[in-house]
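J.: I have a structure I would like to understand better, so I am pasting it below and will then ask my questions one at a time.
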Amino acid sequence: MKKRAFIGLSVLLVLSLLLSACGGSKQEQNDAGAGATDPSKPVELSVFAPQQAGIENMDVNKFSKYIEDKLGIKFNWSTVPDAGFSDKKLLLLASGDYPAVIMNAGISKADQIKYGQQGAFIPLNDLIDQYAPNIKKAMEDVSYLKQGMVAPDGKIYALPKLNECLHCTYGQRMWINTSWLEKLGLSMPTTTDEFYNVLKAFKEKDPNGNGKADEIPFTTSSDGVWGGGVDSFLMNAFIYDNTSDYLSIKDGQVIYSPAQPEWKEGLKYLRKLFAEGLMDKAVFTQNNDAVKQLANKPDAAVGTVGYALLSSAFSVDDSNPRHKDYDVVPPLKGPNGVQLTGYSIGAGDGSFVITNKATKEEQVAAIKLADYLWSEEGTVMTSWGFEGEGWKKADSGKLDYNGKPAKYEVVPKAPSTNGETTLDNFWWQLGTMQMLNSIRESFAAPSDPLGNGAYEYRLWLAAKKYEPFAKPEVVYPADTFIDPADAMTVAQMQKSLTDYVKSSLAQFVTGNKDIDKDWDSYIAGFKGLQLDQYLAIYQKALKK
């Protein structure tokens, strides 16, 4: 899912709050184990992977040993700390001295083709067909998977880490202080005009009740926090804006949203909010820490926060209950009836590759490993560990996210009593998996969405309010393969274009540039940045 996935929290908190899938169907477990190699003659499998901070050692990891016994393999691990993994991977590929398997590979579509056609990555098609029933079935069942895996030459050079997450799909959100709405007798805004009126009331009517005009009606930051930025939520009431590549589709043609007339109208709305003091004056200069300080002042001061995760601004536990005052604003309808939401779904980059260093025996063992990780049991165990440790079968009477009998329950991790960090027995989703929304949603729903441990469910409920406003037909497919010959050019163009758009956005909204007087000059600037060539490359890739 684009960008874009858990994708403001610490690493441990993100993983503990945002991952919520466990379990295994009996059929999938049978499928996964049906072709296991004779454990008395294990196949040695050399693997290069990042060393996750929460895992002591992959050699002694409990899940590693479980897989070795189940599949009849013996891992020969080569690991480096996560921070240095990407650089080391590139060095290995450049030198030709790499192992049979690379996990958490982070291989772009263009590089999948590049290294595949060079022969470094072997095609997986036949291996999947013969030895990977779970992956083969997923390619039939998951609508976007083939597009994200199969290169234009028809070959599969890498497996993604399939990680569906409803609140990741709809990650451009706005959070509003509902206690302020209630105090001022206001309804949840549904249009840009209503949102303006609510912000105005937040500014002028002292909703925090301290007798001071210290309220900030709307704040965010532009420092890369997921879902942040003044345009991330609001511009979608004028034109589709994913805040990253800014591509969208209109009548079958790829367009660049910031170069459209509708973008100009959205800028005027944002300028109005800024000019009237309804938007934090520091939105373009402050970082996330500044937003947190503002949001957590003793006297509540923030009316709305533009982030994907409320936890980017507030602690979401009972010890800091202010977060309970906030709920999401559903997508707003703009003056021309546009009412869209950011939409991000796809297979993503290649995460599991088998290289030309693998013998035939190693190739078979590797694809069986990947296929096991794509089973429900494998996905659950790499995410949450062993039954009774990270999850359990749901108690009778428990209901899942959709109100059906629940399949699983999360077992909360016990706090350390001696102050030492508890290391995990699972893989933290290393390599590959098939995490489906259906798995996440089969967990028991917490009785209180605002309570401790219920954050995943709360985000899911928030995402359900955005889901009806998704229009995938206007979204450029995240998994489109770009010709490797164009990849470097596109990357350079995208950075230049994005920097130009973000800089111009700040100047227009703050008034340093006049939207009407300077618009034509702004549009002319795209020519020098080769926007036409950029769009032509994506149009060509779309038609393949």
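Each chain of the structure tokens is named A, B, ... in the order shown, its residues numbered from 1; ligands are numbered from 1 in display order.
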Which parts of range 99-203 of chain A does DSSP call alpha helix (DSSP H) when run on the backbone here, written out as a ChimeraX atom specification?
T.: /A:109-118,125-131,133-141,145-149,166-169,178-184,192-203
J.: Can you pull out the residues contacting Ala151 in chain A? Cut-off 10 Å, using only C-alpha atoms, and skip same-chain residues under 5 positions away; I want them as a short mmCIF file (atom, residue, chain, number, x, y, z; two decimals) with N, CA and C atoms, in the first residue's frame.
T.:
```cif
data_model
loop_
_atom_site.label_atom_id
_atom_site.label_comp_id
_atom_site.auth_asym_id
_atom_site.auth_seq_id
_atom_site.Cartn_x
_atom_site.Cartn_y
_atom_site.Cartn_z
N LYS A 109 10.80 -1.08 -9.01
CA LYS A 109 10.34 -1.75 -10.24
C LYS A 109 11.42 -1.69 -11.31
N ALA A 110 12.03 -0.53 -11.47
CA ALA A 110 13.06 -0.38 -12.50
C ALA A 110 14.25 -1.28 -12.22
N GLN A 112 14.21 -4.06 -10.49
CA GLN A 112 13.83 -5.45 -10.70
C GLN A 112 14.09 -5.86 -12.15
N ILE A 113 13.70 -4.98 -13.08
CA ILE A 113 13.95 -5.25 -14.49
C ILE A 113 15.45 -5.24 -14.78
N GLY A 116 17.14 -8.17 -13.13
CA GLY A 116 16.58 -9.38 -13.72
C GLY A 116 17.12 -9.64 -15.11
N LYS A 146 -0.76 -8.86 -9.67
CA LYS A 146 -0.02 -9.15 -10.90
C LYS A 146 0.63 -7.89 -11.45
N ILE A 156 8.61 -12.49 -13.35
CA ILE A 156 8.56 -12.04 -11.97
C ILE A 156 9.96 -12.15 -11.39
N TYR A 157 10.57 -11.02 -11.08
CA TYR A 157 11.95 -11.02 -10.58
C TYR A 157 12.03 -10.83 -9.07
N ALA A 158 10.93 -10.46 -8.44
CA ALA A 158 10.94 -10.21 -6.99
C ALA A 158 9.54 -10.37 -6.44
N THR A 480 3.04 0.68 -11.30
CA THR A 480 3.39 0.67 -12.72
C THR A 480 4.91 0.55 -12.90
N PHE A 481 5.31 -0.37 -13.77
CA PHE A 481 6.74 -0.54 -14.07
C PHE A 481 7.20 0.55 -15.02
N ILE A 482 8.23 1.27 -14.63
CA ILE A 482 8.86 2.28 -15.48
C ILE A 482 10.04 1.64 -16.19
N ASP A 483 10.21 1.97 -17.46
CA ASP A 483 11.36 1.49 -18.22
C ASP A 483 12.65 1.86 -17.47
N LYS A 544 1.45 0.10 -21.02
CA LYS A 544 2.06 -1.22 -21.19
C LYS A 544 1.21 -2.30 -20.55
#
```
J.: Per residue of range 139-207 of chain A within 10 Å of range 262-286 of chain A, which atom pair is closest and at what distance in Å (one decimal), using only C-alpha atoms, listed by chain and increasing number, as JSON lines?
T.:
```
{"residue": "A:Thr192", "atom": "CA", "partner": "A:Tyr269", "partner_atom": "CA", "distance": 8.4}
{"residue": "A:Asp193", "atom": "CA", "partner": "A:Tyr269", "partner_atom": "CA", "distance": 9.5}
{"residue": "A:Tyr196", "atom": "CA", "partner": "A:Leu273", "partner_atom": "CA", "distance": 7.3}
{"residue": "A:Asn197", "atom": "CA", "partner": "A:Leu278", "partner_atom": "CA", "distance": 9.8}
{"residue": "A:Val198", "atom": "CA", "partner": "A:Leu278", "partner_atom": "CA", "distance": 9.6}
{"residue": "A:Leu199", "atom": "CA", "partner": "A:Leu278", "partner_atom": "CA", "distance": 5.9}
{"residue": "A:Lys200", "atom": "CA", "partner": "A:Leu278", "partner_atom": "CA", "distance": 6.4}
{"residue": "A:Ala201", "atom": "CA", "partner": "A:Leu278", "partner_atom": "CA", "distance": 9.5}
{"residue": "A:Phe202", "atom": "CA", "partner": "A:Leu278", "partner_atom": "CA", "distance": 8.5}
{"residue": "A:Lys203", "atom": "CA", "partner": "A:Leu278", "partner_atom": "CA", "distance": 6.8}
{"residue": "A:Glu204", "atom": "CA", "partner": "A:Leu278", "partner_atom": "CA", "distance": 9.8}
```
J.: Go through range 443-535 of chain A residue by residue and, counting only C-alpha atoms, keep those with an atom at most 9 Å from range 238-261 of chain A; for each kept residue give the shortest atom pair and its distance in Å to one decimal, ordered by chain and increasing number, as JSON lines.
T.:
```
{"residue": "A:Glu473", "atom": "CA", "partner": "A:Ile249", "partner_atom": "CA", "distance": 7.1}
{"residue": "A:Val474", "atom": "CA", "partner": "A:Ile249", "partner_atom": "CA", "distance": 4.6}
{"residue": "A:Val475", "atom": "CA", "partner": "A:Ser248", "partner_atom": "CA", "distance": 4.9}
{"residue": "A:Tyr476", "atom": "CA", "partner": "A:Ser248", "partner_atom": "CA", "distance": 5.1}
{"residue": "A:Pro477", "atom": "CA", "partner": "A:Ser248", "partner_atom": "CA", "distance": 8.9}
{"residue": "A:Gln494", "atom": "CA", "partner": "A:Asp245", "partner_atom": "CA", "distance": 6.7}
{"residue": "A:Lys495", "atom": "CA", "partner": "A:Asp245", "partner_atom": "CA", "distance": 8.9}
{"residue": "A:Leu497", "atom": "CA", "partner": "A:Asp245", "partner_atom": "CA", "distance": 8.6}
{"residue": "A:Thr498", "atom": "CA", "partner": "A:Asp245", "partner_atom": "CA", "distance": 7.1}
{"residue": "A:Val501", "atom": "CA", "partner": "A:Pro258", "partner_atom": "CA", "distance": 6.9}
{"residue": "A:Tyr522", "atom": "CA", "partner": "A:Ala259", "partner_atom": "CA", "distance": 8.6}
{"residue": "A:Ile523", "atom": "CA", "partner": "A:Ala259", "partner_atom": "CA", "distance": 6.3}
{"residue": "A:Phe526", "atom": "CA", "partner": "A:Ala259", "partner_atom": "CA", "distance": 8.0}
{"residue": "A:Leu531", "atom": "CA", "partner": "A:Tyr256", "partner_atom": "CA", "distance": 8.2}
{"residue": "A:Leu535", "atom": "CA", "partner": "A:Val254", "partner_atom": "CA", "distance": 6.3}
```
J.: Would you list the contacts of Val329 in chain A as a PyMOL selection string, taking every protein, DNA or RNA residue within 12 Å and counting only C-alpha atoms, but skipping same-chain residues closer than 2 positions in sequence?
T.: chain A and resi 172-178+181+187-192+194-195+198+233-234+303-308+326-327+331-333+341+462-466
J.: Any idea what the distance is between CA of Leu124 in chain A and CA of Glu140 in chain A?
T.: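 According to the coordinates, CA of Leu124 in chain A and CA of Glu140 in chain A are separated by 16.0 Å.
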J.: Just asking: which residues within range 40-284 of chain A are strand (DSSP E or B) according to DSSP, as an MDAnalysis selection string?
T.: chainID A and resid 43:51 73:81 101:107 121 150 156 159:163 175:177 191 216:219 247:250 253:256
J.: Take the selection from the previous step and output its residues with N, CA and C atoms, as a compact mmCIF listing (two decimals), in the first residue's frame.
T.:
```
# COMPACT_ATOMS: atom_id res chain seq x y z
N VAL A 43 18.54 -28.22 3.53
CA VAL A 43 19.18 -27.44 2.48
C VAL A 43 19.72 -26.17 3.10
N GLU A 44 21.01 -25.92 2.92
CA GLU A 44 21.58 -24.68 3.46
C GLU A 44 21.21 -23.54 2.54
N LEU A 45 20.65 -22.47 3.12
CA LEU A 45 20.15 -21.33 2.34
C LEU A 45 20.84 -20.07 2.83
N SER A 46 21.67 -19.48 1.98
CA SER A 46 22.37 -18.24 2.35
C SER A 46 21.43 -17.06 2.11
N VAL A 47 21.32 -16.22 3.14
CA VAL A 47 20.37 -15.11 3.12
C VAL A 47 21.04 -13.84 3.61
N PHE A 48 20.83 -12.74 2.87
CA PHE A 48 21.27 -11.42 3.32
C PHE A 48 20.03 -10.65 3.75
N ALA A 49 20.08 -10.09 4.96
CA ALA A 49 18.90 -9.41 5.51
C ALA A 49 19.33 -8.37 6.53
N PRO A 50 18.47 -7.39 6.81
CA PRO A 50 18.78 -6.43 7.88
C PRO A 50 18.59 -7.07 9.25
N GLN A 51 19.38 -6.66 10.19
CA GLN A 51 19.23 -7.11 11.58
C GLN A 51 18.30 -6.14 12.30
N ILE A 73 15.30 -26.70 6.13
CA ILE A 73 16.36 -25.85 5.62
C ILE A 73 17.28 -25.45 6.78
N LYS A 74 18.43 -24.95 6.43
CA LYS A 74 19.37 -24.43 7.42
C LYS A 74 19.81 -23.05 6.95
N PHE A 75 19.44 -22.01 7.69
CA PHE A 75 19.79 -20.65 7.30
C PHE A 75 21.28 -20.38 7.52
N ASN A 76 21.86 -19.72 6.55
CA ASN A 76 23.20 -19.16 6.69
C ASN A 76 23.04 -17.65 6.56
N TRP A 77 22.87 -16.97 7.71
CA TRP A 77 22.51 -15.57 7.73
C TRP A 77 23.73 -14.67 7.53
N SER A 78 23.52 -13.63 6.74
CA SER A 78 24.46 -12.51 6.66
C SER A 78 23.64 -11.26 6.91
N THR A 79 23.88 -10.59 8.03
CA THR A 79 23.05 -9.45 8.40
C THR A 79 23.90 -8.23 8.71
N VAL A 80 23.30 -7.07 8.51
CA VAL A 80 23.89 -5.80 8.92
C VAL A 80 22.79 -4.99 9.59
N PRO A 81 23.12 -4.03 10.43
CA PRO A 81 22.08 -3.19 11.04
C PRO A 81 21.21 -2.55 9.97
N VAL A 101 19.66 -15.52 -1.46
CA VAL A 101 18.40 -14.81 -1.21
C VAL A 101 18.70 -13.47 -0.56
N ILE A 102 17.98 -12.44 -0.97
CA ILE A 102 18.01 -11.14 -0.30
C ILE A 102 16.60 -10.85 0.20
N MET A 103 16.48 -10.56 1.50
CA MET A 103 15.18 -10.29 2.10
C MET A 103 15.12 -8.84 2.58
N ASN A 104 13.90 -8.30 2.58
CA ASN A 104 13.70 -6.87 2.81
C ASN A 104 14.52 -6.08 1.79
N ALA A 105 14.49 -6.57 0.54
CA ALA A 105 15.43 -6.11 -0.47
C ALA A 105 15.21 -4.66 -0.88
N GLY A 106 13.94 -4.17 -0.86
CA GLY A 106 13.67 -2.79 -1.26
C GLY A 106 14.09 -2.51 -2.69
N ILE A 107 13.71 -3.40 -3.61
CA ILE A 107 14.11 -3.28 -5.01
C ILE A 107 12.99 -2.61 -5.80
N PHE A 121 19.02 -11.49 -10.69
CA PHE A 121 17.80 -12.01 -10.09
C PHE A 121 17.18 -13.01 -11.07
N VAL A 150 4.54 -8.58 -11.96
CA VAL A 150 4.94 -9.07 -13.29
C VAL A 150 5.51 -7.92 -14.11
N ILE A 156 8.61 -12.49 -13.35
CA ILE A 156 8.56 -12.04 -11.97
C ILE A 156 9.96 -12.15 -11.39
N LEU A 159 9.46 -10.74 -5.19
CA LEU A 159 8.18 -10.82 -4.48
C LEU A 159 8.03 -9.59 -3.58
N PRO A 160 6.87 -8.97 -3.57
CA PRO A 160 6.65 -7.85 -2.65
C PRO A 160 6.36 -8.36 -1.25
N LYS A 161 6.29 -7.43 -0.34
CA LYS A 161 5.78 -7.71 1.00
C LYS A 161 4.35 -7.19 1.02
N LEU A 162 3.40 -8.03 0.71
CA LEU A 162 2.01 -7.61 0.59
C LEU A 162 1.49 -7.24 1.98
N ASN A 163 1.11 -5.99 2.14
CA ASN A 163 0.78 -5.50 3.48
C ASN A 163 -0.43 -4.57 3.41
N TRP A 175 -7.83 15.58 11.77
CA TRP A 175 -8.38 15.28 13.09
C TRP A 175 -8.90 16.57 13.72
N ILE A 176 -10.11 16.51 14.27
CA ILE A 176 -10.75 17.71 14.80
C ILE A 176 -11.15 17.51 16.26
N ASN A 177 -11.06 18.58 17.03
CA ASN A 177 -11.42 18.56 18.45
C ASN A 177 -12.95 18.58 18.57
N THR A 191 -18.28 20.48 4.17
CA THR A 191 -17.86 21.22 2.98
C THR A 191 -16.70 22.14 3.35
N ILE A 216 -5.23 27.71 18.13
CA ILE A 216 -4.72 27.52 16.76
C ILE A 216 -5.75 26.65 16.05
N PRO A 217 -6.55 27.22 15.15
CA PRO A 217 -7.62 26.44 14.52
C PRO A 217 -7.12 25.23 13.74
N PHE A 218 -5.99 25.36 13.01
CA PHE A 218 -5.48 24.26 12.20
C PHE A 218 -3.96 24.29 12.20
N THR A 219 -3.36 23.14 12.47
CA THR A 219 -1.91 23.04 12.40
C THR A 219 -1.48 21.73 11.78
N LEU A 247 0.64 12.79 -9.45
CA LEU A 247 0.04 12.31 -10.69
C LEU A 247 -1.40 11.90 -10.47
N SER A 248 -2.22 12.10 -11.47
CA SER A 248 -3.57 11.59 -11.48
C SER A 248 -3.98 11.34 -12.92
N ILE A 249 -5.16 10.78 -13.11
CA ILE A 249 -5.61 10.41 -14.44
C ILE A 249 -6.95 11.09 -14.73
N LYS A 250 -7.04 11.67 -15.89
CA LYS A 250 -8.27 12.31 -16.34
C LYS A 250 -8.53 11.91 -17.79
N GLN A 253 -5.74 10.12 -19.58
CA GLN A 253 -4.47 10.83 -19.73
C GLN A 253 -3.87 11.13 -18.36
N VAL A 254 -2.55 10.96 -18.26
CA VAL A 254 -1.85 11.28 -17.02
C VAL A 254 -1.70 12.79 -16.93
N ILE A 255 -2.11 13.35 -15.80
CA ILE A 255 -1.98 14.79 -15.60
C ILE A 255 -1.21 15.05 -14.31
N TYR A 256 -0.74 16.27 -14.20
CA TYR A 256 0.01 16.71 -13.01
C TYR A 256 -0.88 17.69 -12.27
```
J.: For Gly209 in chain A, which residue among A:Leu294, A:Ala301, A:Ala120, A:Ile439 is the nearest when counting only C-alpha atoms?
T.: A:Ala301
J.: Set the distance at 6 Å and use only C-alpha atoms: which residues neighbour range 403-408 of chain A once local chain neighbours fewer than 5 positions away are removed? I'd like the list as a list in words.
T.: Lys392, Lys393, Ala394, Lys398, Ser442, Phe443 and Ala444 of chain A
J.: Could those selected residues go to a file with C-alpha atoms, as a PDB file, in the first residue's frame?
T.:
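Result written to again12.pdb:
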```pdb
ATOM      1  CA  LYS A 392      -4.517 -16.414  20.681  1.00  0.00           C
ATOM      2  CA  LYS A 393      -7.715 -17.855  19.268  1.00  0.00           C
ATOM      3  CA  ALA A 394     -10.600 -15.532  20.066  1.00  0.00           C
ATOM      4  CA  LYS A 398     -15.967 -11.962  20.732  1.00  0.00           C
ATOM      5  CA  SER A 442     -10.716 -10.926  11.837  1.00  0.00           C
ATOM      6  CA  PHE A 443      -9.263  -9.872  15.187  1.00  0.00           C
ATOM      7  CA  ALA A 444     -11.547  -9.162  18.126  1.00  0.00           C
TER       8      ALA A 444
END
```
J.: One decimal, in Å: what's the spacing between CA of Asn320 in chain A and CA of Val302 in chain A?
T.: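 Atom-to-atom, CA of Asn320 in chain A to CA of Val302 in chain A, that is 15.4 Å.
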J.: If we count only C-alpha atoms and set the cut-off at 10 Å, which residues sit around Ala365 in chain A, ignoring sequence neighbours fewer than 4 positions away in its own chain? Please answer as JSON, numbers by chain.
T.: {"A": [35, 36, 37, 42, 43, 44, 45, 71, 72, 73, 74, 131, 358, 359, 360, 361, 369, 370, 371]}
J.: May I have the selected residues written with N, CA and C atoms, as a compact mmCIF listing (two decimals), in the first residue's frame?
T.:
```
# COMPACT_ATOMS: atom_id res chain seq x y z
N GLY A 35 5.10 -29.69 0.85
CA GLY A 35 6.29 -30.01 0.05
C GLY A 35 7.58 -29.86 0.83
N ALA A 36 7.51 -29.93 2.14
CA ALA A 36 8.70 -29.67 2.95
C ALA A 36 9.80 -30.67 2.65
N THR A 37 11.02 -30.17 2.68
CA THR A 37 12.18 -31.02 2.45
C THR A 37 12.41 -31.92 3.66
N PRO A 42 18.83 -31.11 5.67
CA PRO A 42 18.42 -29.72 5.40
C PRO A 42 19.22 -29.10 4.27
N VAL A 43 18.54 -28.22 3.53
CA VAL A 43 19.18 -27.44 2.48
C VAL A 43 19.72 -26.17 3.10
N GLU A 44 21.01 -25.92 2.92
CA GLU A 44 21.58 -24.68 3.46
C GLU A 44 21.21 -23.54 2.54
N LEU A 45 20.65 -22.47 3.12
CA LEU A 45 20.15 -21.33 2.34
C LEU A 45 20.84 -20.07 2.83
N LEU A 71 10.50 -26.61 7.32
CA LEU A 71 10.76 -26.68 5.89
C LEU A 71 12.02 -27.45 5.53
N GLY A 72 12.75 -27.90 6.51
CA GLY A 72 13.93 -28.68 6.21
C GLY A 72 15.04 -27.87 5.58
N ILE A 73 15.30 -26.70 6.13
CA ILE A 73 16.36 -25.85 5.62
C ILE A 73 17.28 -25.45 6.78
N LYS A 74 18.43 -24.95 6.43
CA LYS A 74 19.37 -24.43 7.42
C LYS A 74 19.81 -23.05 6.95
N TYR A 131 5.91 -24.72 -6.98
CA TYR A 131 6.16 -24.93 -5.56
C TYR A 131 5.49 -23.92 -4.62
N ALA A 358 21.97 -19.01 -6.36
CA ALA A 358 21.25 -20.13 -5.78
C ALA A 358 21.29 -21.35 -6.70
N THR A 359 21.63 -22.49 -6.14
CA THR A 359 21.53 -23.74 -6.88
C THR A 359 20.05 -24.08 -7.06
N LYS A 360 19.75 -25.06 -7.89
CA LYS A 360 18.36 -25.46 -8.09
C LYS A 360 17.71 -25.86 -6.77
N GLU A 361 18.46 -26.60 -5.95
CA GLU A 361 17.95 -27.02 -4.66
C GLU A 361 17.66 -25.81 -3.77
N LEU A 369 10.12 -21.28 1.19
CA LEU A 369 10.17 -20.35 2.33
C LEU A 369 9.24 -19.17 2.09
N ALA A 370 9.35 -18.56 0.91
CA ALA A 370 8.49 -17.41 0.59
C ALA A 370 7.03 -17.82 0.62
N ASP A 371 6.72 -18.98 0.09
CA ASP A 371 5.32 -19.42 0.04
C ASP A 371 4.78 -19.67 1.44
```
J.: For the atom pair CA of Ile515 in chain A and CA of Gly228 in chain A, what is the interatomic distance in Å to one decimal place?
T.: 22.6 Å
J.: Have a look at A:Gly84, A:Gly350, A:Gly390, A:Pro468 and name the one nearest to Asp111 in chain A; count only C-alpha atoms.
T.: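 Between A:Gly84, A:Gly350, A:Gly390, A:Pro468, the residue approaching Asp111 in chain A most closely is A:Gly350.
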